[in-house]
Each structure stands twice: as structure tokens, then as C-alpha cells.
Amino acid sequence: MGEVIANAFGTAAALCSIVSFAPQMIKIWKERDASSVSLKTYSLTVTCFALWVVYGVMTGAWPVTFANGFALMMSAGVLAMKWRFRDGDPEEAGS
């Protein structure tokens, strides 16, 4: 029974980590503006998730690997949009 409860908490934590990036991604994509995103903070966040993925692989902790892998993709997406929209929407600038 203890393992079921631990897995439930782990699953909830993983879902929270992954979903927490969605509102930020949607806002940046819709507004084509990432000026409110800290490049240093998101660079550190991406690095942290990458390290957790490596840790998960090295220890065989697949729930850690998968959860942090998805969170890594989401946070990397925010970071990529920070670079893409750092000067506003590139398509509007070219018009």
C-alpha cells in the first residue's frame, strides 16, 4: 500500500512539473513576446531538468527520467521561444 501512495505522489509531482510550463508557453506563443521570461532562470531550469534526466538514466529511475524529460521539453520550449521572440515577433518585423 505504501508503494501505491508513493507512486501517486510521484505521478502528481510529475504532472505538476510538466503542466506548470503550459500557461507560460501558451502566453508567449499567443503574444509573440517573451520579454517577461528570464533567460538566466530558464537556462538554469533547463540545465536542472537535463541533469535530472541524466541522473534518472544513470540510476535506472525511469519515472524520474520520463517526468523530467517531459518537463525538460516544456522548459526548453519556453527557452526557445525566449530566443525566438526576444525582439518581438520575427514575422511582424519582416513585414
# chains A, B, ... in the order shown; residues from 1 in each chain; ligands from 1
>>> residues_around(residues="Trp29 of chain A", least_positions_apart="2", cutoff="12 Å", atoms="only C-alpha atoms", output="PyMOL selection string")
chain A and resi 22-27+31-34+77-82+84-85+88-89
>>> write_last_selection(atoms="N, CA, C and O atoms", output="PDB file, in the first residue's frame")
ATOM      1  N   ALA A  22       2.910  24.962 -19.261  1.00  0.00           N
ATOM      2  CA  ALA A  22       1.940  25.180 -20.334  1.00  0.00           C
ATOM      3  C   ALA A  22       1.395  26.609 -20.378  1.00  0.00           C
ATOM      4  O   ALA A  22       1.375  27.217 -21.454  1.00  0.00           O
ATOM      5  N   PRO A  23       0.954  27.198 -19.262  1.00  0.00           N
ATOM      6  CA  PRO A  23       0.428  28.569 -19.352  1.00  0.00           C
ATOM      7  C   PRO A  23       1.464  29.570 -19.876  1.00  0.00           C
ATOM      8  O   PRO A  23       1.136  30.451 -20.679  1.00  0.00           O
ATOM      9  N   GLN A  24       2.701  29.420 -19.443  1.00  0.00           N
ATOM     10  CA  GLN A  24       3.761  30.313 -19.900  1.00  0.00           C
ATOM     11  C   GLN A  24       3.980  30.151 -21.401  1.00  0.00           C
ATOM     12  O   GLN A  24       4.102  31.128 -22.133  1.00  0.00           O
ATOM     13  N   MET A  25       4.016  28.898 -21.871  1.00  0.00           N
ATOM     14  CA  MET A  25       4.221  28.636 -23.293  1.00  0.00           C
ATOM     15  C   MET A  25       3.083  29.213 -24.132  1.00  0.00           C
ATOM     16  O   MET A  25       3.316  29.842 -25.157  1.00  0.00           O
ATOM     17  N   ILE A  26       1.858  29.002 -23.683  1.00  0.00           N
ATOM     18  CA  ILE A  26       0.698  29.489 -24.423  1.00  0.00           C
ATOM     19  C   ILE A  26       0.706  31.012 -24.485  1.00  0.00           C
ATOM     20  O   ILE A  26       0.473  31.601 -25.537  1.00  0.00           O
ATOM     21  N   LYS A  27       0.999  31.653 -23.362  1.00  0.00           N
ATOM     22  CA  LYS A  27       1.028  33.116 -23.309  1.00  0.00           C
ATOM     23  C   LYS A  27       2.086  33.680 -24.261  1.00  0.00           C
ATOM     24  O   LYS A  27       1.833  34.604 -25.031  1.00  0.00           O
ATOM     25  N   GLU A  31       1.130  35.874 -27.634  1.00  0.00           N
ATOM     26  CA  GLU A  31       1.539  37.285 -27.647  1.00  0.00           C
ATOM     27  C   GLU A  31       2.802  37.531 -28.469  1.00  0.00           C
ATOM     28  O   GLU A  31       3.136  38.675 -28.750  1.00  0.00           O
ATOM     29  N   ARG A  32       3.511  36.458 -28.805  1.00  0.00           N
ATOM     30  CA  ARG A  32       4.786  36.578 -29.528  1.00  0.00           C
ATOM     31  C   ARG A  32       5.734  37.519 -28.775  1.00  0.00           C
ATOM     32  O   ARG A  32       6.452  38.317 -29.355  1.00  0.00           O
ATOM     33  N   ASP A  33       5.703  37.395 -27.456  1.00  0.00           N
ATOM     34  CA  ASP A  33       6.514  38.260 -26.606  1.00  0.00           C
ATOM     35  C   ASP A  33       7.010  37.450 -25.415  1.00  0.00           C
ATOM     36  O   ASP A  33       6.212  36.915 -24.652  1.00  0.00           O
ATOM     37  N   ALA A  34       8.316  37.362 -25.272  1.00  0.00           N
ATOM     38  CA  ALA A  34       8.909  36.631 -24.156  1.00  0.00           C
ATOM     39  C   ALA A  34       9.737  37.553 -23.275  1.00  0.00           C
ATOM     40  O   ALA A  34      10.623  37.107 -22.560  1.00  0.00           O
ATOM     41  N   GLY A  77      11.163  24.485 -24.491  1.00  0.00           N
ATOM     42  CA  GLY A  77      10.266  25.185 -25.412  1.00  0.00           C
ATOM     43  C   GLY A  77      10.111  26.650 -25.026  1.00  0.00           C
ATOM     44  O   GLY A  77      10.131  27.540 -25.886  1.00  0.00           O
ATOM     45  N   VAL A  78       9.963  26.919 -23.739  1.00  0.00           N
ATOM     46  CA  VAL A  78       9.880  28.311 -23.268  1.00  0.00           C
ATOM     47  C   VAL A  78      11.180  29.034 -23.582  1.00  0.00           C
ATOM     48  O   VAL A  78      11.181  30.168 -24.074  1.00  0.00           O
ATOM     49  N   LEU A  79      12.302  28.375 -23.330  1.00  0.00           N
ATOM     50  CA  LEU A  79      13.611  28.987 -23.594  1.00  0.00           C
ATOM     51  C   LEU A  79      13.790  29.267 -25.088  1.00  0.00           C
ATOM     52  O   LEU A  79      14.274  30.344 -25.466  1.00  0.00           O
ATOM     53  N   ALA A  80      13.375  28.336 -25.925  1.00  0.00           N
ATOM     54  CA  ALA A  80      13.484  28.546 -27.376  1.00  0.00           C
ATOM     55  C   ALA A  80      12.630  29.729 -27.819  1.00  0.00           C
ATOM     56  O   ALA A  80      13.061  30.542 -28.651  1.00  0.00           O
ATOM     57  N   MET A  81      11.432  29.851 -27.251  1.00  0.00           N
ATOM     58  CA  MET A  81      10.585  30.989 -27.603  1.00  0.00           C
ATOM     59  C   MET A  81      11.166  32.298 -27.065  1.00  0.00           C
ATOM     60  O   MET A  81      10.992  33.347 -27.680  1.00  0.00           O
ATOM     61  N   LYS A  82      11.873  32.223 -25.947  1.00  0.00           N
ATOM     62  CA  LYS A  82      12.544  33.416 -25.430  1.00  0.00           C
ATOM     63  C   LYS A  82      13.542  33.920 -26.466  1.00  0.00           C
ATOM     64  O   LYS A  82      13.631  35.115 -26.740  1.00  0.00           O
ATOM     65  N   ARG A  84      13.519  33.157 -29.734  1.00  0.00           N
ATOM     66  CA  ARG A  84      12.830  33.496 -30.982  1.00  0.00           C
ATOM     67  C   ARG A  84      12.113  34.842 -30.904  1.00  0.00           C
ATOM     68  O   ARG A  84      12.133  35.616 -31.851  1.00  0.00           O
ATOM     69  N   PHE A  85      11.463  35.109 -29.783  1.00  0.00           N
ATOM     70  CA  PHE A  85      10.659  36.319 -29.651  1.00  0.00           C
ATOM     71  C   PHE A  85      11.346  37.387 -28.809  1.00  0.00           C
ATOM     72  O   PHE A  85      10.696  38.290 -28.308  1.00  0.00           O
ATOM     73  N   GLY A  88      10.454  40.613 -30.204  1.00  0.00           N
ATOM     74  CA  GLY A  88       9.095  40.636 -30.735  1.00  0.00           C
ATOM     75  C   GLY A  88       8.923  39.550 -31.780  1.00  0.00           C
ATOM     76  O   GLY A  88       9.788  38.703 -31.969  1.00  0.00           O
ATOM     77  N   ASP A  89       7.822  39.580 -32.473  1.00  0.00           N
ATOM     78  CA  ASP A  89       7.506  38.565 -33.479  1.00  0.00           C
ATOM     79  C   ASP A  89       8.368  38.782 -34.711  1.00  0.00           C
ATOM     80  O   ASP A  89       8.276  39.823 -35.354  1.00  0.00           O
TER      81      ASP A  89
END
>>> residues_around(residues="segment 58-64 of chain A", least_positions_apart="5", cutoff="9 Å", atoms="only C-alpha atoms", output="mmCIF file with N, CA, C and O atoms, in the first residue's frame")
data_model
loop_
_atom_site.group_PDB
_atom_site.id
_atom_site.type_symbol
_atom_site.label_atom_id
_atom_site.label_comp_id
_atom_site.auth_asym_id
_atom_site.auth_seq_id
_atom_site.Cartn_x
_atom_site.Cartn_y
_atom_site.Cartn_z
ATOM 1 N N GLY A 10 4.303 10.674 -6.639
ATOM 2 C CA GLY A 10 5.271 10.862 -7.723
ATOM 3 C C GLY A 10 4.599 11.253 -9.027
ATOM 4 O O GLY A 10 5.071 12.135 -9.748
ATOM 5 N N THR A 11 3.494 10.606 -9.330
ATOM 6 C CA THR A 11 2.743 10.921 -10.546
ATOM 7 C C THR A 11 2.187 12.344 -10.474
ATOM 8 O O THR A 11 2.275 13.106 -11.445
ATOM 9 N N ALA A 14 5.026 14.790 -10.972
ATOM 10 C CA ALA A 14 5.444 14.826 -12.381
ATOM 11 C C ALA A 14 4.463 15.626 -13.220
ATOM 12 O O ALA A 14 4.863 16.473 -14.030
ATOM 13 N N TRP A 52 18.589 16.079 -14.090
ATOM 14 C CA TRP A 52 17.692 15.077 -13.520
ATOM 15 C C TRP A 52 17.468 13.919 -14.486
ATOM 16 O O TRP A 52 17.385 12.756 -14.069
ATOM 17 N N VAL A 53 17.388 14.212 -15.761
ATOM 18 C CA VAL A 53 17.231 13.144 -16.763
ATOM 19 C C VAL A 53 18.460 12.239 -16.754
ATOM 20 O O VAL A 53 18.341 11.010 -16.746
ATOM 21 N N GLY A 69 12.143 14.390 -18.271
ATOM 22 C CA GLY A 69 12.315 14.528 -19.716
ATOM 23 C C GLY A 69 11.211 15.378 -20.328
ATOM 24 O O GLY A 69 11.480 16.269 -21.145
#
>>> residues_around(residues="segment 40-44 of chain A", least_positions_apart="2", cutoff="9 Å", atoms="only C-alpha atoms", output="ChimeraX atom specification")
/A:37-38,46-49,75-76,78-79
>>> write_last_selection(atoms="N, CA and C atoms", output="compact mmCIF listing (two decimals), in the first residue's frame")
# COMPACT_ATOMS: atom_id res chain seq x y z
N VAL A 37 10.17 36.72 -19.57
CA VAL A 37 10.87 35.48 -19.21
C VAL A 37 12.35 35.79 -18.96
N SER A 38 12.86 35.30 -17.85
CA SER A 38 14.26 35.49 -17.53
C SER A 38 15.12 34.44 -18.24
N VAL A 46 16.35 24.60 -17.45
CA VAL A 46 16.61 23.59 -18.48
C VAL A 46 17.81 22.73 -18.06
N THR A 47 18.84 23.36 -17.56
CA THR A 47 20.02 22.62 -17.09
C THR A 47 19.64 21.66 -15.96
N CYS A 48 18.83 22.13 -15.02
CA CYS A 48 18.42 21.27 -13.90
C CYS A 48 17.65 20.05 -14.38
N PHE A 49 16.68 20.27 -15.28
CA PHE A 49 15.92 19.13 -15.79
C PHE A 49 16.80 18.18 -16.58
N SER A 75 10.21 23.19 -20.65
CA SER A 75 11.03 24.36 -20.26
C SER A 75 11.95 24.77 -21.40
N ALA A 76 12.45 23.80 -22.17
CA ALA A 76 13.27 24.12 -23.34
C ALA A 76 12.44 24.84 -24.39
N VAL A 78 9.96 26.92 -23.74
CA VAL A 78 9.88 28.31 -23.27
C VAL A 78 11.18 29.03 -23.58
N LEU A 79 12.30 28.38 -23.33
CA LEU A 79 13.61 28.99 -23.59
C LEU A 79 13.79 29.27 -25.09
>>> atom_distance(atom1="atom CA of Leu15 of chain A", atom2="atom CA of Arg86 of chain A")
28.5 Å
>>> select_by_dssp(residues="chain A", states="alpha helix (DSSP H)", output="PyMOL selection string")
chain A and resi 2-19+22-31+39-59+62-84+90-94
>>> atom_distance(atom1="atom CA of Ala71 of chain A", atom2="atom CA of Gly2 of chain A")
25.9 Å
>>> atom_distance(atom1="atom CA of Leu72 of chain A", atom2="atom CA of Thr45 of chain A")
8.2 Å
>>> decode(residues="segment 56-87 of chain A", atoms="N, CA, C and O atoms", output="PDB file, in the first residue's frame")
ATOM      1  N   GLY A  56      18.352  10.130 -13.697  1.00  0.00           N
ATOM      2  CA  GLY A  56      17.355   9.069 -13.841  1.00  0.00           C
ATOM      3  C   GLY A  56      17.850   7.925 -14.701  1.00  0.00           C
ATOM      4  O   GLY A  56      17.643   6.754 -14.370  1.00  0.00           O
ATOM      5  N   VAL A  57      18.521   8.257 -15.795  1.00  0.00           N
ATOM      6  CA  VAL A  57      19.072   7.221 -16.679  1.00  0.00           C
ATOM      7  C   VAL A  57      20.173   6.444 -15.952  1.00  0.00           C
ATOM      8  O   VAL A  57      20.205   5.206 -15.990  1.00  0.00           O
ATOM      9  N   MET A  58      21.071   7.162 -15.300  1.00  0.00           N
ATOM     10  CA  MET A  58      22.206   6.501 -14.633  1.00  0.00           C
ATOM     11  C   MET A  58      21.773   5.596 -13.488  1.00  0.00           C
ATOM     12  O   MET A  58      22.420   4.569 -13.233  1.00  0.00           O
ATOM     13  N   THR A  59      20.691   5.954 -12.809  1.00  0.00           N
ATOM     14  CA  THR A  59      20.234   5.149 -11.671  1.00  0.00           C
ATOM     15  C   THR A  59      19.119   4.186 -12.046  1.00  0.00           C
ATOM     16  O   THR A  59      18.681   3.388 -11.209  1.00  0.00           O
ATOM     17  N   GLY A  60      18.654   4.272 -13.292  1.00  0.00           N
ATOM     18  CA  GLY A  60      17.565   3.403 -13.715  1.00  0.00           C
ATOM     19  C   GLY A  60      16.215   3.807 -13.142  1.00  0.00           C
ATOM     20  O   GLY A  60      15.285   3.010 -13.101  1.00  0.00           O
ATOM     21  N   ALA A  61      16.107   5.053 -12.699  1.00  0.00           N
ATOM     22  CA  ALA A  61      14.852   5.570 -12.147  1.00  0.00           C
ATOM     23  C   ALA A  61      14.012   6.125 -13.295  1.00  0.00           C
ATOM     24  O   ALA A  61      14.013   7.318 -13.567  1.00  0.00           O
ATOM     25  N   TRP A  62      13.296   5.239 -13.977  1.00  0.00           N
ATOM     26  CA  TRP A  62      12.583   5.633 -15.191  1.00  0.00           C
ATOM     27  C   TRP A  62      11.458   6.630 -14.948  1.00  0.00           C
ATOM     28  O   TRP A  62      11.250   7.516 -15.785  1.00  0.00           O
ATOM     29  N   PRO A  63      10.745   6.554 -13.831  1.00  0.00           N
ATOM     30  CA  PRO A  63       9.752   7.612 -13.586  1.00  0.00           C
ATOM     31  C   PRO A  63      10.402   9.002 -13.488  1.00  0.00           C
ATOM     32  O   PRO A  63       9.874   9.979 -14.025  1.00  0.00           O
ATOM     33  N   VAL A  64      11.553   9.072 -12.844  1.00  0.00           N
ATOM     34  CA  VAL A  64      12.291  10.343 -12.748  1.00  0.00           C
ATOM     35  C   VAL A  64      12.737  10.781 -14.139  1.00  0.00           C
ATOM     36  O   VAL A  64      12.627  11.946 -14.509  1.00  0.00           O
ATOM     37  N   THR A  65      13.225   9.831 -14.903  1.00  0.00           N
ATOM     38  CA  THR A  65      13.709  10.128 -16.261  1.00  0.00           C
ATOM     39  C   THR A  65      12.592  10.669 -17.142  1.00  0.00           C
ATOM     40  O   THR A  65      12.740  11.712 -17.787  1.00  0.00           O
ATOM     41  N   PHE A  66      11.467   9.971 -17.168  1.00  0.00           N
ATOM     42  CA  PHE A  66      10.375  10.390 -18.046  1.00  0.00           C
ATOM     43  C   PHE A  66       9.740  11.706 -17.597  1.00  0.00           C
ATOM     44  O   PHE A  66       9.496  12.591 -18.410  1.00  0.00           O
ATOM     45  N   ALA A  67       9.485  11.833 -16.306  1.00  0.00           N
ATOM     46  CA  ALA A  67       8.866  13.064 -15.801  1.00  0.00           C
ATOM     47  C   ALA A  67       9.747  14.271 -16.085  1.00  0.00           C
ATOM     48  O   ALA A  67       9.287  15.304 -16.584  1.00  0.00           O
ATOM     49  N   ASN A  68      11.012  14.140 -15.788  1.00  0.00           N
ATOM     50  CA  ASN A  68      11.925  15.260 -16.008  1.00  0.00           C
ATOM     51  C   ASN A  68      12.231  15.452 -17.494  1.00  0.00           C
ATOM     52  O   ASN A  68      12.523  16.561 -17.929  1.00  0.00           O
ATOM     53  N   GLY A  69      12.143  14.390 -18.271  1.00  0.00           N
ATOM     54  CA  GLY A  69      12.315  14.528 -19.716  1.00  0.00           C
ATOM     55  C   GLY A  69      11.211  15.378 -20.328  1.00  0.00           C
ATOM     56  O   GLY A  69      11.480  16.269 -21.145  1.00  0.00           O
ATOM     57  N   PHE A  70       9.977  15.130 -19.903  1.00  0.00           N
ATOM     58  CA  PHE A  70       8.868  15.954 -20.403  1.00  0.00           C
ATOM     59  C   PHE A  70       8.969  17.385 -19.897  1.00  0.00           C
ATOM     60  O   PHE A  70       8.728  18.337 -20.640  1.00  0.00           O
ATOM     61  N   ALA A  71       9.317  17.553 -18.629  1.00  0.00           N
ATOM     62  CA  ALA A  71       9.491  18.898 -18.084  1.00  0.00           C
ATOM     63  C   ALA A  71      10.646  19.619 -18.796  1.00  0.00           C
ATOM     64  O   ALA A  71      10.570  20.824 -19.041  1.00  0.00           O
ATOM     65  N   LEU A  72      11.678  18.871 -19.155  1.00  0.00           N
ATOM     66  CA  LEU A  72      12.796  19.435 -19.914  1.00  0.00           C
ATOM     67  C   LEU A  72      12.306  19.945 -21.269  1.00  0.00           C
ATOM     68  O   LEU A  72      12.667  21.057 -21.685  1.00  0.00           O
ATOM     69  N   MET A  73      11.485  19.165 -21.951  1.00  0.00           N
ATOM     70  CA  MET A  73      10.967  19.596 -23.255  1.00  0.00           C
ATOM     71  C   MET A  73      10.119  20.866 -23.116  1.00  0.00           C
ATOM     72  O   MET A  73      10.237  21.788 -23.932  1.00  0.00           O
ATOM     73  N   MET A  74       9.289  20.922 -22.089  1.00  0.00           N
ATOM     74  CA  MET A  74       8.435  22.092 -21.893  1.00  0.00           C
ATOM     75  C   MET A  74       9.264  23.328 -21.563  1.00  0.00           C
ATOM     76  O   MET A  74       9.075  24.397 -22.148  1.00  0.00           O
ATOM     77  N   SER A  75      10.213  23.195 -20.646  1.00  0.00           N
ATOM     78  CA  SER A  75      11.028  24.355 -20.259  1.00  0.00           C
ATOM     79  C   SER A  75      11.954  24.765 -21.400  1.00  0.00           C
ATOM     80  O   SER A  75      12.191  25.955 -21.619  1.00  0.00           O
ATOM     81  N   ALA A  76      12.446  23.799 -22.166  1.00  0.00           N
ATOM     82  CA  ALA A  76      13.272  24.121 -23.338  1.00  0.00           C
ATOM     83  C   ALA A  76      12.438  24.841 -24.393  1.00  0.00           C
ATOM     84  O   ALA A  76      12.947  25.725 -25.093  1.00  0.00           O
ATOM     85  N   GLY A  77      11.163  24.485 -24.491  1.00  0.00           N
ATOM     86  CA  GLY A  77      10.266  25.185 -25.412  1.00  0.00           C
ATOM     87  C   GLY A  77      10.111  26.650 -25.026  1.00  0.00           C
ATOM     88  O   GLY A  77      10.131  27.540 -25.886  1.00  0.00           O
ATOM     89  N   VAL A  78       9.963  26.919 -23.739  1.00  0.00           N
ATOM     90  CA  VAL A  78       9.880  28.311 -23.268  1.00  0.00           C
ATOM     91  C   VAL A  78      11.180  29.034 -23.582  1.00  0.00           C
ATOM     92  O   VAL A  78      11.181  30.168 -24.074  1.00  0.00           O
ATOM     93  N   LEU A  79      12.302  28.375 -23.330  1.00  0.00           N
ATOM     94  CA  LEU A  79      13.611  28.987 -23.594  1.00  0.00           C
ATOM     95  C   LEU A  79      13.790  29.267 -25.088  1.00  0.00           C
ATOM     96  O   LEU A  79      14.274  30.344 -25.466  1.00  0.00           O
ATOM     97  N   ALA A  80      13.375  28.336 -25.925  1.00  0.00           N
ATOM     98  CA  ALA A  80      13.484  28.546 -27.376  1.00  0.00           C
ATOM     99  C   ALA A  80      12.630  29.729 -27.819  1.00  0.00           C
ATOM    100  O   ALA A  80      13.061  30.542 -28.651  1.00  0.00           O
ATOM    101  N   MET A  81      11.432  29.851 -27.251  1.00  0.00           N
ATOM    102  CA  MET A  81      10.585  30.989 -27.603  1.00  0.00           C
ATOM    103  C   MET A  81      11.166  32.298 -27.065  1.00  0.00           C
ATOM    104  O   MET A  81      10.992  33.347 -27.680  1.00  0.00           O
ATOM    105  N   LYS A  82      11.873  32.223 -25.947  1.00  0.00           N
ATOM    106  CA  LYS A  82      12.544  33.416 -25.430  1.00  0.00           C
ATOM    107  C   LYS A  82      13.542  33.920 -26.466  1.00  0.00           C
ATOM    108  O   LYS A  82      13.631  35.115 -26.740  1.00  0.00           O
ATOM    109  N   TRP A  83      14.303  33.021 -27.043  1.00  0.00           N
ATOM    110  CA  TRP A  83      15.271  33.420 -28.070  1.00  0.00           C
ATOM    111  C   TRP A  83      14.564  33.881 -29.343  1.00  0.00           C
ATOM    112  O   TRP A  83      14.946  34.882 -29.940  1.00  0.00           O
ATOM    113  N   ARG A  84      13.519  33.157 -29.734  1.00  0.00           N
ATOM    114  CA  ARG A  84      12.830  33.496 -30.982  1.00  0.00           C
ATOM    115  C   ARG A  84      12.113  34.842 -30.904  1.00  0.00           C
ATOM    116  O   ARG A  84      12.133  35.616 -31.851  1.00  0.00           O
ATOM    117  N   PHE A  85      11.463  35.109 -29.783  1.00  0.00           N
ATOM    118  CA  PHE A  85      10.659  36.319 -29.651  1.00  0.00           C
ATOM    119  C   PHE A  85      11.346  37.387 -28.809  1.00  0.00           C
ATOM    120  O   PHE A  85      10.696  38.290 -28.308  1.00  0.00           O
ATOM    121  N   ARG A  86      12.655  37.307 -28.686  1.00  0.00           N
ATOM    122  CA  ARG A  86      13.363  38.285 -27.842  1.00  0.00           C
ATOM    123  C   ARG A  86      13.204  39.709 -28.343  1.00  0.00           C
ATOM    124  O   ARG A  86      13.239  40.645 -27.574  1.00  0.00           O
ATOM    125  N   ASP A  87      13.006  39.877 -29.634  1.00  0.00           N
ATOM    126  CA  ASP A  87      12.816  41.215 -30.207  1.00  0.00           C
ATOM    127  C   ASP A  87      11.408  41.372 -30.756  1.00  0.00           C
ATOM    128  O   ASP A  87      11.181  42.135 -31.681  1.00  0.00           O
TER     129      ASP A  87
END
